[in-house]
Amino acid sequence: MNLIRLFLVIQNAALNSVWAFLFVAMVNIPLVLADSSTETNPFEIPEGVHTATFVEDIDGISVIKFSGNYDRDDSTGKTNAAARAVVAKEFYRSHSDDYDFLVVFSDFEFDTGSAVAFHLGVSNKVEGIGRPIYSNSAIFGSESELKGYIDMASIDRYETNSLNVNLGTGGDFSFTLKVLAHETLHQWGIVSGIDALQGRLDSHWSFFADTDASVQYGHDWRDNGDGTFTAEAARVRFSKLDLYLMGLAKKEEVPSFFVIEPAPGTEFSKGDLPKPGVTVSGTKQDFSVDDLIAVNGVRNPSFDESQKVFRYAFIYLTSTDDSSGSATVNSDLGKIRQVRSEYEDRFSVLTGGRGIARVYPAARFNTDAGVIEDVTSDGILDGLGDGNSGKAISWLLEQQNDDGSWSDRDSTRVRDSARVLQTFIRLGVELDAQVSAKEWFEILEPENADSLARQLLAVVEKSPQQGREIAEALQANQNSDGGWGLTQGLGSSVIDSGLALCSLSNQTQGVASDVLGEAFKFIADAQNLDGGWGVTNKSPSSVSTTARVLIALSCAEMQLDINKQDLALSWLLAQKKIDGGFGDQASSAHESAEVMLAFISVQRPEQLAIEELTTFIVSQQSSLGDWSGSVYQTALVIDALQSFSITNISVTNLDVLDENIYSGEIVKVVATVENNTALNTEPSIIEFSI
């Protein structure tokens, strides 16, 4: 039987108008309250009423142009959730589903009701906090991660200079941060189910509640011992009860508290905003967290299993066409950056170090990095390819651009050029194409960490001075967690971090040892429990990402703990498909090639069913010699296939048995010679010079 609770709230507003809200809360009918008493039920987005267009990301803040009604309520008086959903869907069209909260500032004013800002609930997976389990995340373009949409409204409403902090007054920078913290807390509170605890709009603590000065209202009340109570502070912190609801404190840590039953004639009501310094008369009613548990049940997930790290994406909503480059936009984005940066520290302080707010965006990836949908082969794919490297190399040479680069498309030019050049170098061939490719890399103006790392690998031997300069620039992009994102301001990813680690480890001068060590630690710590790595830190393991991590660590001559390495290899082996290839979904030539290179890099090729794997890969080669018409895939596959057949001689235990050596005499030399290649190779001749 579903429990139904009805609340009728009448609040006086400006101009003597009256707002009435009827709230119905029942299982599977989500009620989500914010400052403006926002109710969210499943809804449809009316076509053509709202439009949102992603413009660009600037320093990790997404600029989105919006047109339509963005007021808190629509023309019918219902929550204008559709406008928010349109913005969110446009955001997710070009960003990963990796965020718990979307924080939206605008360059325009709109009606937010009686609140400065408000929280729109999107989903709830937590039991025992007075809210039903529900999810409207799909309507907002998120598969499951998005919890809440926070409208901060116009950036001009806030003080954004972090030096302007005058505690006790509204409108200072501290207030700005508290507003964002307050709206975040609405994700879990306040729906206690106990009338005495409910305050303004039943979504805040009562004016008379002793909340240890929670940002969600109430006060830190002092019992004067004479039937009066003085409010010493308000809106200062997350209380222990708040932290319990958030999953950041155990129930045993929550102290008992009280609510004042005001004496008759008291001028204040439980729905009033906090007023530090006032004194009221009344009697105490004691409460404990067990009283909430008796009504709502125990929080699930518990403290031990609850989420501790929360990711925020910041959006700048604009109504103008002049959406980038203007002085106003640059000023507004600077203000948002200030709020974003300081909030990360403030959230840690408010939670007593128990919670972490990740405010910089995760790097964005194509999860199938070798596949370009609009690139196709002109050759015939009949499944009878022979892995002919000569034909493939000829095809690659034909695809070289006049400037010396290669490209499946303009946006992948650096990656594709680096991949082809690396293959030629590893094959040991000397071609004019390599010379022109290196010259192209020398004059390249890198746009991000990816292009810096690839440029460094290309020029390090020919131009040591330039290599040092590139290495310094790349190190300057390293994040505090030891990793790299695609650009400064983006969260670290194992793909970008692995590439940077590999390139810097090949630079002999100007690289601090702690830079490499911290990068290795970031990558190692990001390994999933199943042994693989995902394209983002919270995403499922990916074949391509896992393989590239192992290759990058080998490039840097760094090795995981043997158990973790074995776990990674075992996970990769488990992704083998019935056709002998590898892939996250169906087998693909480029993922299979990356797996081959990964096992070679850690010197474990014998674990692969190599004949079956190569049969699959060469069956994907076209009659012209390419794979899928992609220079990236073709170079990658040839590198992998040749790595299994090129002689890889190692000489150890070299000893010259004669102590005195004279010109013209026969000398006896003893050495251990091994070929570490997985396949049989052509006979080789080894010469020793003494």
# chains A, B, ... in the order shown; residues from 1 in each chain; ligands from 1

call {"tool": "residues_around", "arguments": {"residues": "Asp97 (chain A)", "least_positions_apart": "3", "cutoff": "7 Å", "atoms": "only C-alpha atoms", "output": "list in words"}}
result
Tyr92, Ser142 and Glu145 of chain A

call {"tool": "residues_around", "arguments": {"residues": "Ala85 (chain A)", "least_positions_apart": "2", "cutoff": "8 Å", "atoms": "only C-alpha atoms", "output": "list in words"}}
result
Ile45, Ala81, Ala82, Ala83, Val87, Ala88, Lys89, Ile139, Phe140 and Gly141 of chain A

call {"tool": "residues_around", "arguments": {"residues": "Ala471 (chain A)", "least_positions_apart": "3", "cutoff": "9 Å", "atoms": "only C-alpha atoms", "output": "JSON, numbers by chain"}}
result
{"A": [452, 453, 456, 466, 467, 468, 474, 475, 476, 503, 504, 507, 509, 510, 511]}

call {"tool": "select_by_dssp", "arguments": {"residues": "region 310-452 of chain A", "states": "alpha helix (DSSP H)", "output": "VMD selection string"}}
result
chain A and resid 327 to 350 389 to 398 413 to 427 432 to 442 449 to 452

call {"tool": "closest_residue", "arguments": {"among": "A:Glu612, A:Asp98, A:Glu439, A:Asp59", "to": "Val535 (chain A)", "atoms": "only C-alpha atoms"}}
result
A:Asp98

call {"tool": "closest_atom_pairs", "arguments": {"of": "region 75-182 of chain A", "to": "region 297-315 of chain A", "cutoff": "8 Å", "atoms": "only C-alpha atoms", "output": "CSV"}}
result
residue,atom,partner,partner_atom,distance
A:Asp98,CA,A:Arg311,CA,7.2
A:Tyr99,CA,A:Arg311,CA,4.9
A:Asp100,CA,A:Arg311,CA,5.3
A:Phe101,CA,A:Tyr312,CA,4.9
A:Leu102,CA,A:Ala313,CA,5.0
A:Val103,CA,A:Phe314,CA,4.9
A:Val104,CA,A:Ile315,CA,4.7
A:Phe105,CA,A:Ile315,CA,6.3
A:Val126,CA,A:Asn300,CA,5.8
A:Glu127,CA,A:Asn300,CA,5.0
A:Gly128,CA,A:Arg299,CA,4.2
A:Ile129,CA,A:Arg299,CA,6.4

call {"tool": "residues_around", "arguments": {"residues": "Leu654 (chain A)", "least_positions_apart": "5", "cutoff": "10 Å", "atoms": "only C-alpha atoms", "output": "number ranges by chain"}}
result
A: 669-673

call {"tool": "closest_residue", "arguments": {"among": "A:Lys270, A:Ser106, A:Trp205, A:Val359", "to": "Gly60 (chain A)", "atoms": "only C-alpha atoms"}}
result
A:Val359

call {"tool": "residues_around", "arguments": {"residues": "Val637 (chain A)", "least_positions_apart": "6", "cutoff": "10 Å", "atoms": "only C-alpha atoms", "output": "number ranges by chain"}}
result
A: 387, 389, 392, 423, 589-594, 596-597, 614, 617-618, 621, 626-627, 631, 643

call {"tool": "write_last_selection", "arguments": {"atoms": "N, CA and C atoms", "output": "PDB file, in the first residue's frame"}}
result
ATOM      1  N   GLY A 387      46.893  -9.298 -45.133  1.00  0.00           N
ATOM      2  CA  GLY A 387      47.756  -8.559 -44.217  1.00  0.00           C
ATOM      3  C   GLY A 387      48.977  -7.995 -44.904  1.00  0.00           C
ATOM      4  N   SER A 389      51.594  -5.854 -45.862  1.00  0.00           N
ATOM      5  CA  SER A 389      52.084  -4.588 -45.325  1.00  0.00           C
ATOM      6  C   SER A 389      52.594  -3.676 -46.431  1.00  0.00           C
ATOM      7  N   ALA A 392      49.719  -1.931 -47.862  1.00  0.00           N
ATOM      8  CA  ALA A 392      49.202  -0.964 -46.889  1.00  0.00           C
ATOM      9  C   ALA A 392      50.084   0.273 -46.818  1.00  0.00           C
ATOM     10  N   THR A 423      54.432   4.292 -36.859  1.00  0.00           N
ATOM     11  CA  THR A 423      54.475   2.990 -37.529  1.00  0.00           C
ATOM     12  C   THR A 423      55.678   2.885 -38.448  1.00  0.00           C
ATOM     13  N   ALA A 589      38.916  -4.190 -36.149  1.00  0.00           N
ATOM     14  CA  ALA A 589      40.326  -4.361 -36.473  1.00  0.00           C
ATOM     15  C   ALA A 589      41.205  -3.505 -35.571  1.00  0.00           C
ATOM     16  N   HIS A 590      40.780  -2.253 -35.311  1.00  0.00           N
ATOM     17  CA  HIS A 590      41.671  -1.375 -34.548  1.00  0.00           C
ATOM     18  C   HIS A 590      41.727  -1.787 -33.072  1.00  0.00           C
ATOM     19  N   GLU A 591      40.608  -2.224 -32.485  1.00  0.00           N
ATOM     20  CA  GLU A 591      40.657  -2.682 -31.094  1.00  0.00           C
ATOM     21  C   GLU A 591      41.480  -3.964 -30.979  1.00  0.00           C
ATOM     22  N   SER A 592      41.340  -4.853 -31.963  1.00  0.00           N
ATOM     23  CA  SER A 592      42.114  -6.091 -31.958  1.00  0.00           C
ATOM     24  C   SER A 592      43.603  -5.798 -32.079  1.00  0.00           C
ATOM     25  N   ALA A 593      43.949  -4.827 -32.925  1.00  0.00           N
ATOM     26  CA  ALA A 593      45.353  -4.448 -33.077  1.00  0.00           C
ATOM     27  C   ALA A 593      45.900  -3.860 -31.786  1.00  0.00           C
ATOM     28  N   GLU A 594      45.093  -3.047 -31.101  1.00  0.00           N
ATOM     29  CA  GLU A 594      45.551  -2.470 -29.833  1.00  0.00           C
ATOM     30  C   GLU A 594      45.766  -3.545 -28.784  1.00  0.00           C
ATOM     31  N   MET A 596      46.708  -6.632 -29.429  1.00  0.00           N
ATOM     32  CA  MET A 596      47.964  -7.264 -29.823  1.00  0.00           C
ATOM     33  C   MET A 596      49.156  -6.469 -29.303  1.00  0.00           C
ATOM     34  N   LEU A 597      49.130  -5.151 -29.532  1.00  0.00           N
ATOM     35  CA  LEU A 597      50.246  -4.308 -29.101  1.00  0.00           C
ATOM     36  C   LEU A 597      50.362  -4.263 -27.581  1.00  0.00           C
ATOM     37  N   THR A 614      45.020 -12.846 -35.897  1.00  0.00           N
ATOM     38  CA  THR A 614      45.514 -12.240 -37.136  1.00  0.00           C
ATOM     39  C   THR A 614      44.613 -12.580 -38.314  1.00  0.00           C
ATOM     40  N   ILE A 617      41.905 -10.036 -38.244  1.00  0.00           N
ATOM     41  CA  ILE A 617      42.346  -8.687 -38.600  1.00  0.00           C
ATOM     42  C   ILE A 617      42.590  -8.570 -40.097  1.00  0.00           C
ATOM     43  N   VAL A 618      43.307  -9.519 -40.684  1.00  0.00           N
ATOM     44  CA  VAL A 618      43.637  -9.397 -42.104  1.00  0.00           C
ATOM     45  C   VAL A 618      42.397  -9.582 -42.975  1.00  0.00           C
ATOM     46  N   GLN A 621      41.041  -6.258 -44.209  1.00  0.00           N
ATOM     47  CA  GLN A 621      41.812  -5.405 -45.108  1.00  0.00           C
ATOM     48  C   GLN A 621      41.149  -5.342 -46.478  1.00  0.00           C
ATOM     49  N   ASP A 626      44.124  -0.977 -47.363  1.00  0.00           N
ATOM     50  CA  ASP A 626      43.781  -0.192 -46.184  1.00  0.00           C
ATOM     51  C   ASP A 626      42.789  -0.930 -45.290  1.00  0.00           C
ATOM     52  N   TRP A 627      42.578  -0.379 -44.125  1.00  0.00           N
ATOM     53  CA  TRP A 627      41.539  -0.851 -43.220  1.00  0.00           C
ATOM     54  C   TRP A 627      40.519   0.280 -43.034  1.00  0.00           C
ATOM     55  N   VAL A 631      43.535   6.162 -42.318  1.00  0.00           N
ATOM     56  CA  VAL A 631      44.990   6.123 -42.175  1.00  0.00           C
ATOM     57  C   VAL A 631      45.370   5.732 -40.751  1.00  0.00           C
ATOM     58  N   SER A 643      54.693  -6.256 -35.678  1.00  0.00           N
ATOM     59  CA  SER A 643      55.344  -6.474 -34.382  1.00  0.00           C
ATOM     60  C   SER A 643      55.385  -7.948 -34.019  1.00  0.00           C
TER      61      SER A 643
END

call {"tool": "residues_around", "arguments": {"residues": "region 572-587 of chain A", "least_positions_apart": "3", "cutoff": "9 Å", "atoms": "only C-alpha atoms", "output": "ChimeraX atom specification"}}
result
/A:368,531-532,541-544,546-547,567-569,590-593,595,607-617

call {"tool": "write_last_selection", "arguments": {"atoms": "N, CA and C atoms", "output": "PDB file, in the first residue's frame"}}
result
ATOM      1  N   ASP A 368      35.343   5.003 -29.386  1.00  0.00           N
ATOM      2  CA  ASP A 368      35.862   4.120 -30.406  1.00  0.00           C
ATOM      3  C   ASP A 368      36.850   4.917 -31.250  1.00  0.00           C
ATOM      4  N   GLY A 531      39.724  -4.789 -13.578  1.00  0.00           N
ATOM      5  CA  GLY A 531      41.060  -4.825 -14.156  1.00  0.00           C
ATOM      6  C   GLY A 531      41.259  -3.891 -15.323  1.00  0.00           C
ATOM      7  N   GLY A 532      40.169  -3.404 -15.915  1.00  0.00           N
ATOM      8  CA  GLY A 532      40.298  -2.515 -17.062  1.00  0.00           C
ATOM      9  C   GLY A 532      40.242  -1.058 -16.688  1.00  0.00           C
ATOM     10  N   SER A 541      34.852  -0.423 -18.100  1.00  0.00           N
ATOM     11  CA  SER A 541      36.126  -0.662 -18.767  1.00  0.00           C
ATOM     12  C   SER A 541      35.943  -0.763 -20.276  1.00  0.00           C
ATOM     13  N   SER A 542      36.936  -0.261 -20.991  1.00  0.00           N
ATOM     14  CA  SER A 542      36.926  -0.226 -22.449  1.00  0.00           C
ATOM     15  C   SER A 542      38.145  -0.962 -22.980  1.00  0.00           C
ATOM     16  N   VAL A 543      37.951  -1.749 -24.045  1.00  0.00           N
ATOM     17  CA  VAL A 543      39.058  -2.490 -24.645  1.00  0.00           C
ATOM     18  C   VAL A 543      40.153  -1.538 -25.112  1.00  0.00           C
ATOM     19  N   SER A 544      39.753  -0.532 -25.883  1.00  0.00           N
ATOM     20  CA  SER A 544      40.728   0.394 -26.442  1.00  0.00           C
ATOM     21  C   SER A 544      41.486   1.138 -25.349  1.00  0.00           C
ATOM     22  N   THR A 546      41.914   0.327 -22.122  1.00  0.00           N
ATOM     23  CA  THR A 546      42.746  -0.580 -21.329  1.00  0.00           C
ATOM     24  C   THR A 546      44.015  -0.946 -22.074  1.00  0.00           C
ATOM     25  N   ALA A 547      43.883  -1.249 -23.355  1.00  0.00           N
ATOM     26  CA  ALA A 547      45.057  -1.595 -24.151  1.00  0.00           C
ATOM     27  C   ALA A 547      46.028  -0.430 -24.228  1.00  0.00           C
ATOM     28  N   LEU A 567      45.405  -8.899 -13.892  1.00  0.00           N
ATOM     29  CA  LEU A 567      43.966  -8.648 -13.889  1.00  0.00           C
ATOM     30  C   LEU A 567      43.552  -7.900 -15.152  1.00  0.00           C
ATOM     31  N   ALA A 568      44.375  -6.924 -15.564  1.00  0.00           N
ATOM     32  CA  ALA A 568      44.085  -6.169 -16.787  1.00  0.00           C
ATOM     33  C   ALA A 568      44.140  -7.075 -18.016  1.00  0.00           C
ATOM     34  N   LEU A 569      45.151  -7.925 -18.097  1.00  0.00           N
ATOM     35  CA  LEU A 569      45.274  -8.829 -19.230  1.00  0.00           C
ATOM     36  C   LEU A 569      44.124  -9.837 -19.260  1.00  0.00           C
ATOM     37  N   HIS A 590      40.780  -2.253 -35.311  1.00  0.00           N
ATOM     38  CA  HIS A 590      41.671  -1.375 -34.548  1.00  0.00           C
ATOM     39  C   HIS A 590      41.727  -1.787 -33.072  1.00  0.00           C
ATOM     40  N   GLU A 591      40.608  -2.224 -32.485  1.00  0.00           N
ATOM     41  CA  GLU A 591      40.657  -2.682 -31.094  1.00  0.00           C
ATOM     42  C   GLU A 591      41.480  -3.964 -30.979  1.00  0.00           C
ATOM     43  N   SER A 592      41.340  -4.853 -31.963  1.00  0.00           N
ATOM     44  CA  SER A 592      42.114  -6.091 -31.958  1.00  0.00           C
ATOM     45  C   SER A 592      43.603  -5.798 -32.079  1.00  0.00           C
ATOM     46  N   ALA A 593      43.949  -4.827 -32.925  1.00  0.00           N
ATOM     47  CA  ALA A 593      45.353  -4.448 -33.077  1.00  0.00           C
ATOM     48  C   ALA A 593      45.900  -3.860 -31.786  1.00  0.00           C
ATOM     49  N   VAL A 595      44.916  -4.565 -28.774  1.00  0.00           N
ATOM     50  CA  VAL A 595      45.118  -5.670 -27.838  1.00  0.00           C
ATOM     51  C   VAL A 595      46.427  -6.389 -28.152  1.00  0.00           C
ATOM     52  N   GLN A 607      49.937 -15.435 -24.622  1.00  0.00           N
ATOM     53  CA  GLN A 607      48.603 -15.633 -24.074  1.00  0.00           C
ATOM     54  C   GLN A 607      47.507 -15.455 -25.128  1.00  0.00           C
ATOM     55  N   LEU A 608      47.883 -14.896 -26.276  1.00  0.00           N
ATOM     56  CA  LEU A 608      46.901 -14.671 -27.334  1.00  0.00           C
ATOM     57  C   LEU A 608      46.860 -15.851 -28.300  1.00  0.00           C
ATOM     58  N   ALA A 609      45.677 -16.158 -28.793  1.00  0.00           N
ATOM     59  CA  ALA A 609      45.527 -17.124 -29.890  1.00  0.00           C
ATOM     60  C   ALA A 609      45.844 -16.358 -31.171  1.00  0.00           C
ATOM     61  N   ILE A 610      47.148 -16.240 -31.453  1.00  0.00           N
ATOM     62  CA  ILE A 610      47.589 -15.257 -32.426  1.00  0.00           C
ATOM     63  C   ILE A 610      47.119 -15.559 -33.841  1.00  0.00           C
ATOM     64  N   GLU A 611      47.097 -16.829 -34.240  1.00  0.00           N
ATOM     65  CA  GLU A 611      46.689 -17.143 -35.605  1.00  0.00           C
ATOM     66  C   GLU A 611      45.220 -16.784 -35.831  1.00  0.00           C
ATOM     67  N   GLU A 612      44.397 -17.088 -34.845  1.00  0.00           N
ATOM     68  CA  GLU A 612      42.974 -16.762 -34.944  1.00  0.00           C
ATOM     69  C   GLU A 612      42.773 -15.248 -34.973  1.00  0.00           C
ATOM     70  N   LEU A 613      43.547 -14.533 -34.159  1.00  0.00           N
ATOM     71  CA  LEU A 613      43.421 -13.083 -34.076  1.00  0.00           C
ATOM     72  C   LEU A 613      43.874 -12.417 -35.371  1.00  0.00           C
ATOM     73  N   THR A 614      45.020 -12.846 -35.897  1.00  0.00           N
ATOM     74  CA  THR A 614      45.514 -12.240 -37.136  1.00  0.00           C
ATOM     75  C   THR A 614      44.613 -12.580 -38.314  1.00  0.00           C
ATOM     76  N   THR A 615      44.028 -13.776 -38.297  1.00  0.00           N
ATOM     77  CA  THR A 615      43.093 -14.136 -39.367  1.00  0.00           C
ATOM     78  C   THR A 615      41.920 -13.169 -39.407  1.00  0.00           C
ATOM     79  N   PHE A 616      41.392 -12.836 -38.219  1.00  0.00           N
ATOM     80  CA  PHE A 616      40.295 -11.873 -38.189  1.00  0.00           C
ATOM     81  C   PHE A 616      40.748 -10.519 -38.706  1.00  0.00           C
ATOM     82  N   ILE A 617      41.905 -10.036 -38.244  1.00  0.00           N
ATOM     83  CA  ILE A 617      42.346  -8.687 -38.600  1.00  0.00           C
ATOM     84  C   ILE A 617      42.590  -8.570 -40.097  1.00  0.00           C
TER      85      ILE A 617
END

call {"tool": "atom_distance", "arguments": {"atom1": "CA of Val656 (chain A)", "atom2": "CA of Lys668 (chain A)"}}
result
6.2 Å

call {"tool": "closest_residue", "arguments": {"among": "A:Thr634, A:Ser75, A:Gln527, A:Ser123", "to": "Gly390 (chain A)", "atoms": "only C-alpha atoms"}}
result
A:Thr634

call {"tool": "atom_distance", "arguments": {"atom1": "CA of Asn528 (chain A)", "atom2": "CA of Pro361 (chain A)"}}
result
20.1 Å

call {"tool": "residues_around", "arguments": {"residues": "His119 (chain A)", "least_positions_apart": "4", "cutoff": "7 Å", "atoms": "only C-alpha atoms", "output": "number ranges by chain"}}
result
A: 34, 148-151, 183, 186

call {"tool": "closest_residue", "arguments": {"among": "A:Ala117, A:Val278, A:Leu490, A:Leu529", "to": "Ile61 (chain A)", "atoms": "only C-alpha atoms"}}
result
A:Leu490

call {"tool": "closest_residue", "arguments": {"among": "A:Gly629, A:Gly247, A:Gly77, A:Gly498", "to": "Leu396 (chain A)", "atoms": "only C-alpha atoms"}}
result
A:Gly629
